[in-house]
Amino acid sequence: MRILIVTHVLAKNDGQGRVNYEIARAALAAGHSVTMLASQAAQELVSHPRARFVQISASALPSRLLQYQVFAWRTGLWIRGHRREFDIVHVNGFITWARADVNSVHFVHDGWYRCGFYPYRFLGGLYDAYQVTYTRLNACLEGRAFRNAQVVVPVSEKVRTEVQALGIDPGCLKVIHNGVDVEEFAPGPAQRARFGLPDKPFMLLFAGDLRVSRKNLDTVLRALALTSDDVHLVVAGRLHSSPFPALAAELGVAQRVHFTDFVADMPALMRSVDAFVFPSRYEAMSLALLEALAAALPVVTAKTAGGAEVIGPDCGFVLDDPEDARGLAKVIETLAGDREQARQMGQAARALAKTLGWGTMGQRYLSLYEQVRAHHVPARIPPSGSAVSIDL
């Protein structure tokens, strides 16, 4: 097959970029040709003899709103001029002003806006007005992009529900979970001293963007304040302008919270803790959650976090309400109070992660590509608003 992948980045150090990187690797390994229409791509992909990197220079305009529109316009023009060269055009959400065969959905702006935890108001100031404008515009553009794809691929069941709520034909939806590197995140000896962590406490890990409220570190800190002194929390994420150290001090848990700032070696940090806690207020599909499973950590999350559907009672806990600090504290105490049970749950988590490897994900995409190609040979570009229903 001749495959075109359209995304901003194809690289291992980016969430969406990692997914597309692994799809490209799988396609190249299977003997297909891959063209990458992106701003950045990993050198090992670019140098492959069956790969082509068409670089779309990043715009210097202010704000992501304008930068992403420029990218969408430039890629749309390129695709229109080269569409007949490809059997499959694979895009990611609204990323281009062109139609696609496959559209992977890593985030649903309409779902984020309507989830009940959206923190911005149009009249709340200039920053809030920008965020609302950005969210609502992207929500409209995503709906258009989904309707103009033959198959839409939500990365979790939560995302499927949100996409379907936009009026997308359920027959065109195919959930493919993101993957994880089970070897890179394999369990091993703890290295707490390396990260400045004490040896004895039951150690929780929270990893995420500390600049956004939706990751819900504030509820985790409030829950920690309700647990015993033997429970500590390590927080991995950039601390610049973060309010959370002050909140930890206000709650009286500053001595039990260890802010590491950005951590490059996340596998080593995960090997050094006892459980992963991530009750995000809104998440499409957290790669960190999958990495924690691979590292043999019991996972504590919430139904509002995409990917929670894979967490069973044998390997973690899923809260109904991400704001329930008392319920979260109770779950944490359950884990900390029985470390053997926590260890056994970690083993079950590891077994689950082995079914969610990058290789499995890549093969599912390649199988989907074959199905799509088989169904759209007579008419590669469907009429506006139409979709092809494929037996998935």
# chains A, B, ... in the order shown; residues from 1 in each chain; ligands from 1
>>> select_by_dssp(residues="stretch 182-246 of chain A", states="strand (DSSP E)", output="NGL selection string")
:A and (202-207 or 231-236)
>>> residues_around(residues="A:Gly312", least_positions_apart="5", cutoff="9 Å", atoms="only C-alpha atoms", output="list in words")
Phe317, Val318 and Ala349 of chain A
>>> closest_residue(among="A:Glu157, A:Asp101, A:Asp230, A:Asp218", to="A:Gly307", atoms="only C-alpha atoms")
A:Glu157
>>> closest_residue(among="A:Gly179, A:Pro245, A:Gly31, A:Gly15", to="A:Leu366", atoms="only C-alpha atoms")
A:Gly31
>>> atom_distance(atom1="atom CA of A:Val163", atom2="atom CA of A:Val91")
15.5 Å
>>> residues_around(residues="A:Ala264", least_positions_apart="3", cutoff="12 Å", atoms="only C-alpha atoms", output="JSON list (two decimals) with C-alpha atoms, in the first residue's frame")
[["chain", "number", "residue", "atom", "x", "y", "z"],
["A", 13, "ASN", "CA", 8.67, 11.90, 22.67],
["A", 195, "PHE", "CA", 15.02, 10.82, 42.32],
["A", 207, "ALA", "CA", 2.46, 12.28, 35.92],
["A", 236, "ALA", "CA", 6.33, 14.36, 37.57],
["A", 237, "GLY", "CA", 5.66, 17.42, 35.40],
["A", 238, "ARG", "CA", 7.05, 20.84, 34.63],
["A", 260, "THR", "CA", 10.49, 16.13, 40.44],
["A", 261, "ASP", "CA", 9.77, 18.63, 37.62],
["A", 267, "PRO", "CA", 10.49, 4.07, 33.09],
["A", 268, "ALA", "CA", 13.05, 4.32, 35.93],
["A", 269, "LEU", "CA", 10.71, 6.54, 37.95],
["A", 270, "MET", "CA", 7.82, 4.11, 37.46]]
>>> closest_residue(among="A:Val89, A:Val102, A:Ala149, A:Leu293", to="A:Arg343", atoms="only C-alpha atoms")
A:Leu293
>>> decode(residues="stretch 10-142 of chain A", atoms="C-alpha atoms", output="PDB file, in the first residue's frame")
ATOM      1  CA  LEU A  10       6.123  11.627  14.186  1.00  0.00           C
ATOM      2  CA  ALA A  11       8.450  10.958  17.109  1.00  0.00           C
ATOM      3  CA  LYS A  12       8.743   8.916  20.292  1.00  0.00           C
ATOM      4  CA  ASN A  13       8.667  11.897  22.666  1.00  0.00           C
ATOM      5  CA  ASP A  14       5.190  13.137  21.738  1.00  0.00           C
ATOM      6  CA  GLY A  15       1.843  11.522  22.621  1.00  0.00           C
ATOM      7  CA  GLN A  16      -0.003  11.682  19.307  1.00  0.00           C
ATOM      8  CA  GLY A  17       3.344  11.748  17.546  1.00  0.00           C
ATOM      9  CA  ARG A  18       4.312   8.431  19.148  1.00  0.00           C
ATOM     10  CA  VAL A  19       1.135   6.767  17.917  1.00  0.00           C
ATOM     11  CA  ASN A  20       1.788   7.896  14.340  1.00  0.00           C
ATOM     12  CA  TYR A  21       5.478   6.993  14.647  1.00  0.00           C
ATOM     13  CA  GLU A  22       4.542   3.428  15.565  1.00  0.00           C
ATOM     14  CA  ILE A  23       1.974   3.169  12.758  1.00  0.00           C
ATOM     15  CA  ALA A  24       4.609   4.310  10.271  1.00  0.00           C
ATOM     16  CA  ARG A  25       7.116   1.803  11.646  1.00  0.00           C
ATOM     17  CA  ALA A  26       4.608  -1.026  11.381  1.00  0.00           C
ATOM     18  CA  ALA A  27       3.706  -0.072   7.809  1.00  0.00           C
ATOM     19  CA  LEU A  28       7.339   0.129   6.704  1.00  0.00           C
ATOM     20  CA  ALA A  29       8.159  -3.182   8.391  1.00  0.00           C
ATOM     21  CA  ALA A  30       5.269  -4.785   6.484  1.00  0.00           C
ATOM     22  CA  GLY A  31       6.697  -3.609   3.152  1.00  0.00           C
ATOM     23  CA  HIS A  32       4.411  -0.650   2.509  1.00  0.00           C
ATOM     24  CA  SER A  33       5.558   2.813   1.423  1.00  0.00           C
ATOM     25  CA  VAL A  34       4.862   5.712   3.803  1.00  0.00           C
ATOM     26  CA  THR A  35       4.810   9.436   3.115  1.00  0.00           C
ATOM     27  CA  MET A  36       4.841  11.656   6.203  1.00  0.00           C
ATOM     28  CA  LEU A  37       3.284  15.087   5.818  1.00  0.00           C
ATOM     29  CA  ALA A  38       4.439  16.761   9.029  1.00  0.00           C
ATOM     30  CA  SER A  39       6.581  19.436  10.618  1.00  0.00           C
ATOM     31  CA  GLN A  40       8.881  16.938  12.352  1.00  0.00           C
ATOM     32  CA  ALA A  41       9.718  13.275  11.885  1.00  0.00           C
ATOM     33  CA  ALA A  42      12.165  10.951  13.592  1.00  0.00           C
ATOM     34  CA  GLN A  43      15.368  10.438  11.634  1.00  0.00           C
ATOM     35  CA  GLU A  44      15.025   6.660  11.643  1.00  0.00           C
ATOM     36  CA  LEU A  45      11.752   7.060   9.743  1.00  0.00           C
ATOM     37  CA  VAL A  46      13.035   9.735   7.378  1.00  0.00           C
ATOM     38  CA  SER A  47      16.059   7.640   6.399  1.00  0.00           C
ATOM     39  CA  HIS A  48      14.038   4.507   5.603  1.00  0.00           C
ATOM     40  CA  PRO A  49      14.229   3.629   1.871  1.00  0.00           C
ATOM     41  CA  ARG A  50      10.433   3.319   1.531  1.00  0.00           C
ATOM     42  CA  ALA A  51       9.663   6.498   3.479  1.00  0.00           C
ATOM     43  CA  ARG A  52       9.279  10.060   2.264  1.00  0.00           C
ATOM     44  CA  PHE A  53       9.170  13.090   4.556  1.00  0.00           C
ATOM     45  CA  VAL A  54       7.374  16.134   3.196  1.00  0.00           C
ATOM     46  CA  GLN A  55       8.108  18.852   5.725  1.00  0.00           C
ATOM     47  CA  ILE A  56       5.496  21.489   6.430  1.00  0.00           C
ATOM     48  CA  SER A  57       7.362  24.313   8.127  1.00  0.00           C
ATOM     49  CA  ALA A  58       5.853  25.472  11.394  1.00  0.00           C
ATOM     50  CA  SER A  59       4.211  28.886  11.185  1.00  0.00           C
ATOM     51  CA  ALA A  60       5.671  31.831  13.103  1.00  0.00           C
ATOM     52  CA  LEU A  61       2.241  33.382  13.644  1.00  0.00           C
ATOM     53  CA  PRO A  62       1.212  33.956  17.272  1.00  0.00           C
ATOM     54  CA  SER A  63      -1.019  31.342  18.983  1.00  0.00           C
ATOM     55  CA  ARG A  64      -1.688  27.711  18.194  1.00  0.00           C
ATOM     56  CA  LEU A  65      -5.045  28.729  16.753  1.00  0.00           C
ATOM     57  CA  LEU A  66      -3.386  30.492  13.829  1.00  0.00           C
ATOM     58  CA  GLN A  67      -0.422  28.128  13.548  1.00  0.00           C
ATOM     59  CA  TYR A  68      -2.658  25.078  13.208  1.00  0.00           C
ATOM     60  CA  GLN A  69      -4.810  26.804  10.594  1.00  0.00           C
ATOM     61  CA  VAL A  70      -1.731  27.540   8.496  1.00  0.00           C
ATOM     62  CA  PHE A  71      -0.646  23.907   8.808  1.00  0.00           C
ATOM     63  CA  ALA A  72      -4.125  22.723   7.793  1.00  0.00           C
ATOM     64  CA  TRP A  73      -4.171  25.030   4.767  1.00  0.00           C
ATOM     65  CA  ARG A  74      -0.676  24.052   3.581  1.00  0.00           C
ATOM     66  CA  THR A  75      -1.280  20.313   3.976  1.00  0.00           C
ATOM     67  CA  GLY A  76      -4.676  20.597   2.298  1.00  0.00           C
ATOM     68  CA  LEU A  77      -3.128  22.164  -0.786  1.00  0.00           C
ATOM     69  CA  TRP A  78      -0.411  19.493  -0.928  1.00  0.00           C
ATOM     70  CA  ILE A  79      -2.876  16.612  -0.576  1.00  0.00           C
ATOM     71  CA  ARG A  80      -5.129  17.940  -3.324  1.00  0.00           C
ATOM     72  CA  GLY A  81      -2.162  18.007  -5.655  1.00  0.00           C
ATOM     73  CA  HIS A  82      -0.956  14.481  -4.794  1.00  0.00           C
ATOM     74  CA  ARG A  83      -4.088  12.543  -3.759  1.00  0.00           C
ATOM     75  CA  ARG A  84      -3.911  10.017  -6.598  1.00  0.00           C
ATOM     76  CA  GLU A  85      -0.485   8.874  -5.412  1.00  0.00           C
ATOM     77  CA  PHE A  86      -1.915   7.182  -2.301  1.00  0.00           C
ATOM     78  CA  ASP A  87      -4.116   4.252  -1.415  1.00  0.00           C
ATOM     79  CA  ILE A  88      -4.682   5.510   2.135  1.00  0.00           C
ATOM     80  CA  VAL A  89      -4.715   9.021   3.552  1.00  0.00           C
ATOM     81  CA  HIS A  90      -4.577   8.920   7.356  1.00  0.00           C
ATOM     82  CA  VAL A  91      -5.124  12.122   9.353  1.00  0.00           C
ATOM     83  CA  ASN A  92      -5.570  12.957  13.044  1.00  0.00           C
ATOM     84  CA  GLY A  93      -8.618  14.991  14.081  1.00  0.00           C
ATOM     85  CA  PHE A  94      -8.836  18.334  12.332  1.00  0.00           C
ATOM     86  CA  ILE A  95      -5.346  18.738  10.969  1.00  0.00           C
ATOM     87  CA  THR A  96      -5.869  19.493   7.297  1.00  0.00           C
ATOM     88  CA  TRP A  97      -8.334  21.068   4.897  1.00  0.00           C
ATOM     89  CA  ALA A  98      -8.586  17.854   2.902  1.00  0.00           C
ATOM     90  CA  ARG A  99     -10.619  14.675   3.003  1.00  0.00           C
ATOM     91  CA  ALA A 100      -9.207  11.463   4.426  1.00  0.00           C
ATOM     92  CA  ASP A 101      -9.740   7.734   4.420  1.00  0.00           C
ATOM     93  CA  VAL A 102      -8.871   7.210   8.099  1.00  0.00           C
ATOM     94  CA  ASN A 103      -9.116   9.794  10.880  1.00  0.00           C
ATOM     95  CA  SER A 104      -7.681   8.931  14.306  1.00  0.00           C
ATOM     96  CA  VAL A 105      -9.307  10.838  17.157  1.00  0.00           C
ATOM     97  CA  HIS A 106      -6.938  11.621  20.037  1.00  0.00           C
ATOM     98  CA  PHE A 107      -9.020  14.412  21.585  1.00  0.00           C
ATOM     99  CA  VAL A 108     -12.581  15.680  21.154  1.00  0.00           C
ATOM    100  CA  HIS A 109     -12.877  19.396  21.812  1.00  0.00           C
ATOM    101  CA  ASP A 110     -16.667  19.227  21.949  1.00  0.00           C
ATOM    102  CA  GLY A 111     -16.419  16.476  24.565  1.00  0.00           C
ATOM    103  CA  TRP A 112     -13.960  18.560  26.618  1.00  0.00           C
ATOM    104  CA  TYR A 113     -16.232  21.611  26.364  1.00  0.00           C
ATOM    105  CA  ARG A 114     -19.325  19.692  27.504  1.00  0.00           C
ATOM    106  CA  CYS A 115     -17.789  17.331  30.078  1.00  0.00           C
ATOM    107  CA  GLY A 116     -18.785  19.445  33.075  1.00  0.00           C
ATOM    108  CA  PHE A 117     -15.241  20.339  34.097  1.00  0.00           C
ATOM    109  CA  TYR A 118     -14.390  22.866  31.385  1.00  0.00           C
ATOM    110  CA  PRO A 119     -12.841  25.757  33.364  1.00  0.00           C
ATOM    111  CA  TYR A 120     -13.027  28.682  30.907  1.00  0.00           C
ATOM    112  CA  ARG A 121     -15.754  31.269  30.283  1.00  0.00           C
ATOM    113  CA  PHE A 122     -15.865  33.590  27.303  1.00  0.00           C
ATOM    114  CA  LEU A 123     -16.370  36.653  29.532  1.00  0.00           C
ATOM    115  CA  GLY A 124     -13.755  35.535  32.042  1.00  0.00           C
ATOM    116  CA  GLY A 125     -10.964  37.642  30.563  1.00  0.00           C
ATOM    117  CA  LEU A 126      -8.774  37.650  27.484  1.00  0.00           C
ATOM    118  CA  TYR A 127      -7.115  34.289  28.172  1.00  0.00           C
ATOM    119  CA  ASP A 128     -10.444  32.591  28.878  1.00  0.00           C
ATOM    120  CA  ALA A 129     -11.977  34.128  25.746  1.00  0.00           C
ATOM    121  CA  TYR A 130      -9.110  32.774  23.646  1.00  0.00           C
ATOM    122  CA  GLN A 131      -9.454  29.288  25.161  1.00  0.00           C
ATOM    123  CA  VAL A 132     -13.209  29.187  24.530  1.00  0.00           C
ATOM    124  CA  THR A 133     -12.716  30.414  20.959  1.00  0.00           C
ATOM    125  CA  TYR A 134      -9.991  27.829  20.371  1.00  0.00           C
ATOM    126  CA  THR A 135     -12.113  24.999  21.798  1.00  0.00           C
ATOM    127  CA  ARG A 136     -15.336  25.860  19.992  1.00  0.00           C
ATOM    128  CA  LEU A 137     -13.650  26.475  16.634  1.00  0.00           C
ATOM    129  CA  ASN A 138     -11.793  23.182  16.871  1.00  0.00           C
ATOM    130  CA  ALA A 139     -15.001  21.413  17.849  1.00  0.00           C
ATOM    131  CA  CYS A 140     -16.670  22.644  14.653  1.00  0.00           C
ATOM    132  CA  LEU A 141     -13.689  21.775  12.482  1.00  0.00           C
ATOM    133  CA  GLU A 142     -13.330  18.315  14.028  1.00  0.00           C
TER     134      GLU A 142
END
